[in-house]
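J.: Structure file upload03.cif (mmCIF, C-alpha atoms) is given on the next line.
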data_upload
#
loop_
_atom_site.label_atom_id
_atom_site.label_comp_id
_atom_site.auth_asym_id
_atom_site.auth_seq_id
_atom_site.Cartn_x
_atom_site.Cartn_y
_atom_site.Cartn_z
CA MET M 1 -63.47 18.27 -30.46
CA LYS M 2 -65.02 18.65 -27.02
CA LYS M 3 -62.11 20.89 -25.99
CA LYS M 4 -62.74 23.14 -29.01
CA ILE M 5 -66.45 23.36 -28.20
CA MET M 6 -65.66 24.21 -24.57
CA LEU M 7 -63.11 26.81 -25.70
CA TRP M 8 -65.57 28.47 -28.07
CA GLY M 9 -68.21 28.38 -25.36
CA LEU M 10 -65.85 30.05 -22.91
CA ILE M 11 -64.94 32.73 -25.46
CA THR M 12 -68.65 33.38 -26.15
CA VAL M 13 -69.42 33.75 -22.44
CA MET M 14 -66.46 36.12 -21.95
CA LEU M 15 -67.53 38.26 -24.91
CA PHE M 16 -71.09 38.39 -23.56
CA LEU M 17 -69.93 39.40 -20.09
CA THR M 18 -67.51 41.99 -21.46
CA THR M 19 -70.23 43.55 -23.61
CA GLY M 20 -72.66 43.54 -20.71
CA LEU M 21 -70.17 45.12 -18.33
CA THR M 22 -69.31 47.80 -20.89
CA ALA M 23 -72.99 48.62 -21.41
CA CYS M 24 -73.71 48.77 -17.68
CA ASN M 25 -70.69 50.99 -17.07
CA GLU M 26 -71.46 53.34 -19.95
CA GLN M 27 -71.19 56.92 -18.74
CA HIS M 28 -72.43 60.22 -20.02
CA LYS M 29 -70.36 62.51 -22.20
CA ILE M 30 -69.46 65.69 -20.31
CA TYR M 31 -70.07 68.93 -22.23
CA GLU M 32 -69.04 72.50 -21.42
CA ASP M 33 -70.98 75.73 -21.73
CA GLY M 34 -69.62 78.95 -20.24
CA TYR M 35 -69.11 78.34 -16.52
CA TRP M 36 -70.68 74.89 -16.52
CA GLN M 37 -69.86 71.26 -17.16
CA TYR M 38 -72.98 69.21 -17.79
CA ILE M 39 -74.40 65.91 -19.01
CA VAL M 40 -77.61 65.15 -20.91
CA ILE M 41 -80.03 62.82 -19.13
CA GLY M 42 -83.55 61.51 -19.71
CA LYS M 43 -86.51 63.05 -17.92
CA ASN M 44 -87.01 59.85 -15.96
CA THR M 45 -84.12 57.69 -17.20
CA TYR M 46 -80.33 57.62 -17.06
CA PHE M 47 -80.03 58.31 -20.81
CA PRO M 48 -82.57 60.15 -23.04
CA LYS M 49 -84.97 57.92 -24.99
CA ASN M 50 -85.30 60.42 -27.84
CA ALA M 51 -84.63 64.05 -28.78
CA GLU M 52 -87.65 65.25 -26.78
CA ASP M 53 -86.64 63.30 -23.67
CA ARG M 54 -83.62 65.41 -22.71
CA GLU M 55 -82.68 67.38 -19.61
CA VAL M 56 -79.41 68.72 -18.22
CA ALA M 57 -77.58 67.82 -15.02
CA ILE M 58 -74.82 70.20 -13.88
CA VAL M 59 -71.83 68.03 -12.92
CA GLY M 60 -68.94 70.48 -12.66
CA LEU M 61 -67.48 73.89 -13.37
CA THR M 62 -65.15 74.93 -16.16
CA GLU M 63 -61.87 76.63 -15.29
CA ILE M 64 -63.46 80.07 -15.68
CA GLY M 65 -66.42 78.85 -13.61
CA LYS M 66 -64.08 77.93 -10.76
CA GLU M 67 -62.82 81.53 -10.68
CA GLN M 68 -66.26 82.96 -9.90
CA THR M 69 -67.44 83.91 -6.40
CA SER M 70 -71.13 84.02 -7.38
CA LEU M 71 -73.01 81.92 -9.94
CA ASP M 72 -76.60 81.63 -11.15
CA VAL M 73 -77.48 78.15 -12.37
CA PRO M 74 -79.03 78.70 -15.83
CA ARG M 75 -82.60 77.63 -16.51
CA THR M 76 -81.65 76.13 -19.85
CA ILE M 77 -78.53 75.07 -21.75
CA ASP M 78 -78.70 74.51 -25.51
CA GLY M 79 -82.50 74.55 -25.38
CA MET M 80 -82.73 71.91 -22.61
CA ASP M 81 -84.04 72.48 -19.08
CA VAL M 82 -81.42 72.32 -16.32
CA THR M 83 -83.08 70.09 -13.70
CA HIS M 84 -80.35 68.42 -11.62
CA ILE M 85 -77.34 69.56 -9.62
CA GLY M 86 -74.97 66.60 -9.68
CA TYR M 87 -75.82 63.08 -10.84
CA TYR M 88 -74.87 59.49 -10.10
CA LYS M 89 -72.58 57.22 -12.09
CA ARG M 90 -73.51 53.66 -12.96
CA SER M 91 -71.28 50.75 -11.98
CA LEU M 92 -71.60 47.00 -11.38
CA ILE M 93 -68.77 47.14 -8.86
CA MET M 94 -69.99 50.00 -6.68
CA GLU M 95 -73.64 50.67 -5.95
CA GLY M 96 -74.60 53.85 -7.77
CA GLY M 97 -71.05 54.13 -9.11
CA GLY M 98 -70.43 57.22 -6.99
CA ASN M 99 -71.55 60.72 -7.89
CA TYR M 100 -70.36 63.65 -9.93
CA LYS M 101 -68.99 66.20 -7.47
CA ILE M 102 -68.76 69.90 -8.21
CA GLU M 103 -65.58 71.60 -7.02
CA SER M 104 -64.74 75.28 -6.55
CA PRO M 105 -62.09 77.00 -4.41
CA ASN M 106 -63.73 80.42 -4.75
CA LEU M 107 -67.51 80.11 -4.86
CA GLU M 108 -69.40 82.00 -2.13
CA ARG M 109 -72.96 82.00 -3.47
CA LEU M 110 -74.88 79.64 -5.76
CA TYR M 111 -78.37 80.68 -6.92
CA LEU M 112 -80.90 78.05 -8.00
CA HIS M 113 -84.10 78.51 -10.03
CA ASP M 114 -87.46 76.73 -9.96
CA ASN M 115 -86.62 74.27 -12.78
CA ILE M 116 -84.43 72.28 -10.38
CA LYS M 117 -85.87 68.86 -9.52
CA GLN M 118 -83.08 67.50 -7.38
CA ILE M 119 -79.72 68.19 -5.77
CA CYS M 120 -78.05 64.79 -5.86
CA THR M 121 -76.19 63.21 -2.95
CA ASN M 122 -72.78 64.78 -2.31
CA ALA M 123 -72.97 66.88 -5.50
CA LEU M 124 -71.70 69.93 -3.63
CA TYR M 125 -69.40 67.98 -1.32
CA TYR M 126 -66.16 69.50 -2.57
CA PHE M 127 -67.21 73.10 -2.38
CA TYR M 128 -65.82 72.97 1.14
CA SER M 129 -62.24 74.14 1.42
CA ASN M 130 -61.87 73.16 5.08
CA ASN M 131 -61.99 69.72 6.67
CA LEU M 132 -65.39 68.06 6.42
CA LEU M 133 -66.34 68.25 10.08
CA TRP M 134 -69.95 67.91 11.14
CA GLU M 135 -71.65 70.96 12.62
CA ASP M 136 -75.20 70.60 13.98
CA GLY M 137 -75.64 67.49 11.88
CA LEU M 138 -74.69 69.30 8.67
CA PHE M 139 -71.52 70.26 6.87
CA PRO M 140 -70.18 73.68 7.94
CA HIS M 141 -71.07 76.48 5.57
CA CYS M 142 -68.27 77.70 3.36
CA PHE M 143 -70.68 79.09 0.76
CA LYS M 144 -74.41 79.63 0.43
CA ILE M 145 -77.00 77.93 -1.76
CA LEU M 146 -79.95 80.25 -2.37
CA TYR M 147 -83.13 78.88 -3.90
CA CYS M 148 -84.99 81.61 -5.78
CA GLY M 149 -88.06 79.52 -6.69
CA THR M 150 -91.18 78.66 -4.68
CA ILE M 151 -91.70 74.98 -5.61
CA PRO M 152 -90.12 72.38 -3.28
CA PHE M 153 -87.73 69.97 -5.00
CA ASN M 154 -86.05 66.72 -3.96
CA LEU M 155 -83.24 67.03 -1.41
CA THR M 156 -80.86 64.27 -0.37
CA ASN M 157 -78.43 63.72 2.47
CA GLY M 158 -74.89 65.05 2.25
CA ILE M 159 -75.71 68.64 1.32
CA PRO M 160 -75.42 71.92 3.22
CA LYS M 161 -78.49 73.88 4.19
CA ILE M 162 -80.37 75.71 1.45
CA PHE M 163 -81.68 79.23 2.01
CA ILE M 164 -85.28 79.78 0.91
CA TYR M 165 -87.88 82.56 1.19
CA LYS M 166 -89.44 82.99 4.64
CA GLU M 167 -92.93 82.48 3.19
CA LEU M 168 -91.94 79.12 1.72
CA TYR M 169 -90.15 78.05 4.89
CA ASN M 170 -93.24 78.81 6.99
CA GLU M 171 -95.39 76.63 4.71
CA ILE M 172 -93.30 73.51 5.22
CA ASN M 173 -95.01 70.80 7.24
CA LEU M 174 -92.58 68.60 9.16
CA ALA M 175 -94.93 65.66 8.57
CA GLU M 176 -94.41 65.90 4.81
CA ALA M 177 -91.90 63.91 2.74
CA PHE M 178 -88.49 63.44 4.36
CA HIS M 179 -86.70 65.09 1.44
CA TRP M 180 -88.21 68.55 2.09
CA THR M 181 -88.03 69.34 5.79
CA LYS M 182 -86.68 72.22 7.84
CA THR M 183 -83.66 70.09 8.73
CA PHE M 184 -82.10 71.00 5.39
CA LEU M 185 -83.40 74.56 5.09
CA SER M 186 -82.82 78.08 6.43
CA ILE M 187 -84.66 81.36 5.94
CA SER M 188 -82.98 83.76 3.52
CA ASN M 189 -83.13 87.18 5.18
CA VAL M 190 -83.42 89.26 1.99
CA ALA M 191 -86.07 88.91 -0.72
CA PHE M 192 -86.03 90.89 -3.96
CA MET M 193 -89.58 91.36 -5.30
CA ASN M 194 -90.58 91.91 -8.93
CA ASN M 195 -93.30 94.27 -7.66
CA TYR M 196 -96.06 94.01 -10.27
CA SER M 197 -99.29 92.02 -10.23
CA ALA M 198 -98.60 89.74 -13.22
CA ALA M 199 -95.18 88.61 -11.94
CA VAL M 200 -94.66 84.85 -11.74
CA ASN M 201 -92.98 82.92 -8.88
CA ARG M 202 -95.34 84.57 -6.37
CA GLY M 203 -93.72 87.87 -7.26
CA TYR M 204 -90.27 86.86 -5.99
CA PHE M 205 -87.22 87.69 -8.09
CA ARG M 206 -84.25 86.58 -6.01
CA ALA M 207 -83.38 85.22 -2.58
CA GLU M 208 -80.36 86.52 -0.68
CA ASP M 209 -78.84 86.03 2.75
CA VAL M 210 -76.31 88.24 4.49
CA GLU M 211 -74.50 88.16 7.81
CA SER M 212 -74.69 90.97 10.35
CA GLY M 213 -72.74 93.98 9.06
CA GLU M 214 -72.46 92.56 5.54
CA LYS M 215 -73.51 94.49 2.44
CA ILE M 216 -76.31 93.01 0.32
CA PRO M 217 -74.95 91.88 -3.07
CA GLU M 218 -76.70 93.76 -5.87
CA PRO M 219 -78.60 91.31 -8.11
CA PRO M 220 -78.86 91.45 -11.90
CA ALA M 221 -81.56 93.83 -13.15
CA PRO M 222 -84.98 92.22 -13.67
CA GLU M 223 -86.84 92.64 -16.94
CA ARG M 224 -90.46 93.55 -17.64
CA GLU M 225 -91.97 94.03 -21.07
CA GLY M 226 -92.85 97.66 -21.76
CA TYR M 227 -91.03 99.01 -18.70
CA VAL M 228 -87.61 100.29 -17.67
CA PHE M 229 -86.17 99.10 -14.36
CA THR M 230 -85.32 102.05 -12.07
CA GLY M 231 -83.68 100.32 -9.08
CA TRP M 232 -84.46 98.57 -5.80
CA TYR M 233 -86.59 100.30 -3.16
CA THR M 234 -87.48 99.67 0.47
CA GLU M 235 -91.23 99.85 -0.20
CA ALA M 236 -93.58 98.70 -2.97
CA GLU M 237 -94.40 102.34 -3.80
CA ALA M 238 -90.74 102.79 -4.89
CA ILE M 239 -90.02 105.85 -2.74
CA ASN M 240 -86.66 105.21 -1.05
CA LEU M 241 -83.91 103.74 -3.19
CA TRP M 242 -81.78 101.11 -1.48
CA ASP M 243 -78.09 101.94 -1.14
CA PHE M 244 -76.05 98.77 -1.75
CA ASP M 245 -73.15 100.27 0.19
CA THR M 246 -75.29 99.97 3.33
CA LYS M 247 -74.16 97.45 5.93
CA THR M 248 -77.20 95.51 7.08
CA GLU M 249 -78.45 94.42 10.49
CA ILE M 250 -81.36 92.01 10.02
CA PRO M 251 -82.73 90.25 13.14
CA ASP M 252 -82.62 86.44 13.10
CA GLY M 253 -85.69 84.94 11.46
CA GLU M 254 -86.69 88.24 9.85
CA GLU M 255 -86.75 89.15 6.16
CA LEU M 256 -85.91 92.44 4.47
CA ARG M 257 -87.86 92.95 1.25
CA LEU M 258 -86.58 95.15 -1.56
CA TYR M 259 -88.94 96.07 -4.39
CA ALA M 260 -88.20 96.67 -8.06
CA GLY M 261 -89.11 100.09 -9.41
CA TRP M 262 -90.55 100.42 -12.92
CA GLN M 263 -91.14 103.25 -15.37
CA ALA M 264 -93.28 102.74 -18.46
CA LYS M 265 -91.44 103.11 -21.77
CA ARG M 266 -92.48 106.05 -23.90
#
Please express the file's structure as structure tokens.

T.:
Amino acid sequence: MKKKIMLWGLITVMLFLTTGLTACNEQHKIYEDGYWQYIVIGKNTYFPKNAEDREVAIVGLTEIGKEQTSLDVPRTIDGMDVTHIGYYKRSLIMEGGGNYKIESPNLERLYLHDNIKQICTNALYYFYSNNLLWEDGLFPHCFKILYCGTIPFNLTNGIPKIFIYKELYNEINLAEAFHWTKTFLSISNVAFMNNYSAAVNRGYFRAEDVESGEKIPEPPAPEREGYVFTGWYTEAEAINLWDFDTKTEIPDGEELRLYAGWQAKR
């Protein structure tokens, strides 16, 4: 009788442990939308608590996404804000369970918006096609991350430098939080401006960075209610139209600003 009780007790303990391990190792379902693979997370928790507590973490690229040389991270997917690049996996065996890592053999530029809260550790690790050798304390650049917002977000170790607007870079205080210091940042040397007083994001439309002798990639056309976009100009008065076949020479630490031109609809 005692043996049966001990056996049933052992079975109960094993079932409990198995259930617990399964729950603790539960992972997100990976969805696909256009270029992106993503998971749905809670705003402050691993899983959403309810339908209103849902955000998106980008965790990979689809096959067509991996073919692209330039990508803009969307602000929303299926009505949910995109707030994280990468995410961690839960595991009882390995602390953090590792991280989702985004891979691409072709990507040259990745543009981020101001909804982003965090780029997770090693999320962009496998963008690098060469050996992962350290260069000035950071991974060598094989592509560029360009942040087009003006609100600092959480950075972690194991990422390449992020290019930001010169104005934002100059505001950073080295005494501030470790996760937003100049160690992880560079000045983007081209800024596209929306060029009207009511524009959000301090008037910025898009950050860009080019090497000496490189042509500036033409961005998507901005939109403004009641107006037609007429092109990008070298001054706010929209006099001289920028020629995107021009090879640029921008001094280190300087910023070229290009301004949107607008014509009122009739």

J.: Mind telling me what the PyMOL selection byres ((chain M and resi 46-50) around 10) catches here, as a PDB file with C-alpha atoms, in the frame of the given file?

T.:
ATOM      1  CA  GLU M  26     -71.460  53.340 -19.950  1.00  0.00           C
ATOM      2  CA  GLN M  27     -71.190  56.920 -18.740  1.00  0.00           C
ATOM      3  CA  HIS M  28     -72.430  60.220 -20.020  1.00  0.00           C
ATOM      4  CA  ILE M  39     -74.400  65.910 -19.010  1.00  0.00           C
ATOM      5  CA  VAL M  40     -77.610  65.150 -20.910  1.00  0.00           C
ATOM      6  CA  ILE M  41     -80.030  62.820 -19.130  1.00  0.00           C
ATOM      7  CA  GLY M  42     -83.550  61.510 -19.710  1.00  0.00           C
ATOM      8  CA  LYS M  43     -86.510  63.050 -17.920  1.00  0.00           C
ATOM      9  CA  ASN M  44     -87.010  59.850 -15.960  1.00  0.00           C
ATOM     10  CA  THR M  45     -84.120  57.690 -17.200  1.00  0.00           C
ATOM     11  CA  ALA M  51     -84.630  64.050 -28.780  1.00  0.00           C
ATOM     12  CA  GLU M  52     -87.650  65.250 -26.780  1.00  0.00           C
ATOM     13  CA  ASP M  53     -86.640  63.300 -23.670  1.00  0.00           C
ATOM     14  CA  ARG M  54     -83.620  65.410 -22.710  1.00  0.00           C
ATOM     15  CA  GLU M  55     -82.680  67.380 -19.610  1.00  0.00           C
ATOM     16  CA  TYR M  87     -75.820  63.080 -10.840  1.00  0.00           C
ATOM     17  CA  TYR M  88     -74.870  59.490 -10.100  1.00  0.00           C
ATOM     18  CA  LYS M  89     -72.580  57.220 -12.090  1.00  0.00           C
ATOM     19  CA  ARG M  90     -73.510  53.660 -12.960  1.00  0.00           C
TER      20      ARG M  90
END

J.: Go ahead and compute the interatomic distance for atom CA of Thr83 of chain M and atom CA of Leu112 of chain M, in Å to one decimal.

T.: 10.0 Å

J.: Have a look at M:Asn115, M:Asn122, M:Glu255, M:Lys265 and name the one nearest to Lys166 of chain M; count only C-alpha atoms.

T.: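 Using only C-alpha atoms, the shortest distance to Lys166 of chain M belongs to M:Glu255.
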
J.: Take the PyMOL selection byres ((chain M and resi 214-218) around 6), run it mentally on this structure, and tell me the resulting residues as number ranges by chain.

T.: M: 210-213, 219, 246-248

J.: Which of these residues is nearest to Asn170 of chain M, using all atoms listed in the file: M:Gly253, M:Pro222, M:Val228, M:Asp209?

T.: M:Gly253

J.: Run the PyMOL selection byres ((chain M and resi 107) around 8) against the file shown and list the residues it catches, as a list in words.

T.: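 Listing what the PyMOL selection byres ((chain M and resi 107) around 8) selects in the shown file: Lys66, Glu67, Gln68, Thr69, Ser70, Leu71, Ser104, Pro105, Asn106, Glu108, Arg109, Leu110, Phe127 and Phe143 of chain M.
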
J.: Please provide as a list in words all residues within 8 Å of Gly86 of chain M, with the sequence filter that same-chain residues fewer than 5 positions apart are discarded (counting all atoms listed in the file).

T.: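 The contact residues come out as Ala57, Ile58, Val59, Gly60, Asn99, Tyr100, Lys101, Ile102, Ile119, Cys120, Thr121, Asn122, Ala123 and Leu124 of chain M.
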
J.: Counting only C-alpha atoms, which residues have an atom no more than 7 Å from (-92.0, 91.8, -3.9) in the file's coordinates? Please list them as a ChimeraX atom specification.

T.: /M:192-195,203-204,257-259

J.: For a quick check of understanding, using all atoms listed in the file, which of M:Glu63, M:Lys29, M:Leu256, M:Arg266 has the smallest distance to Tyr233 of chain M?

T.: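 Ranking M:Glu63, M:Lys29, M:Leu256, M:Arg266 by distance to Tyr233 of chain M, first place goes to M:Leu256.
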
J.: Determine the nearest neighbour of Ile151 of chain M from the options M:His113, M:Asn189, M:Ala264, M:Thr183, counting only C-alpha atoms.

T.: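 Counting only C-alpha atoms, the residue closest to Ile151 of chain M is M:His113.
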
J.: Report, in Å to a single decimal, how far apart atom CA of Ile116 of chain M and atom CA of Gly79 of chain M are.

T.: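 Those two atoms sit 15.3 Å apart.
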
J.: With a distance cut-off of 6 Å and all atoms listed in the file, select the neighbouring residues of Leu185 of chain M, excluding the residue or stretch itself and same-chain residues fewer than 3 positions from it, and output the selection as a list in words.

T.: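 Near Leu185 of chain M, the qualifying residues are Lys161, Ile162, Phe163 and Lys182 of chain M.
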
J.: Selected residues, C-alpha atoms, written as an mmCIF file, in the coordinates of the input, please.

T.:
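Contents of again-v8.cif, as written:
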data_model
loop_
_atom_site.group_PDB
_atom_site.id
_atom_site.type_symbol
_atom_site.label_atom_id
_atom_site.label_comp_id
_atom_site.auth_asym_id
_atom_site.auth_seq_id
_atom_site.Cartn_x
_atom_site.Cartn_y
_atom_site.Cartn_z
ATOM 1 C CA LYS M 161 -78.490 73.880 4.190
ATOM 2 C CA ILE M 162 -80.370 75.710 1.450
ATOM 3 C CA PHE M 163 -81.680 79.230 2.010
ATOM 4 C CA LYS M 182 -86.680 72.220 7.840
#

J.: With all atoms of segment 193-200 of chain M from the file as input, state the centre and edge lengths in Å to one decimal of the axis-aligned box that has 3 Å extra on each side, as AutoDock Vina command-line options.

T.:
--center_x -94.4 --center_y 89.6 --center_z -9.3 --size_x 15.7 --size_y 15.4 --size_z 13.9

J.: Report, in Å with one decimal, the straight-line distance from atom CA of Tyr147 of chain M to atom CA of Leu168 of chain M.

T.: 10.5 Å

J.: Have a look at M:Glu32, M:Asp252, M:Glu237, M:Glu167 and name the one nearest to Arg202 of chain M; count all atoms listed in the file.

T.: M:Glu167

J.: Can you tell me which residues surround Trp232 of chain M at a distance of at most 8 Å, considering all atoms listed in the file, apart from same-chain residues fewer than 6 positions away, and format the answer as a ChimeraX atom specification?

T.: /M:238,241-242,258-261
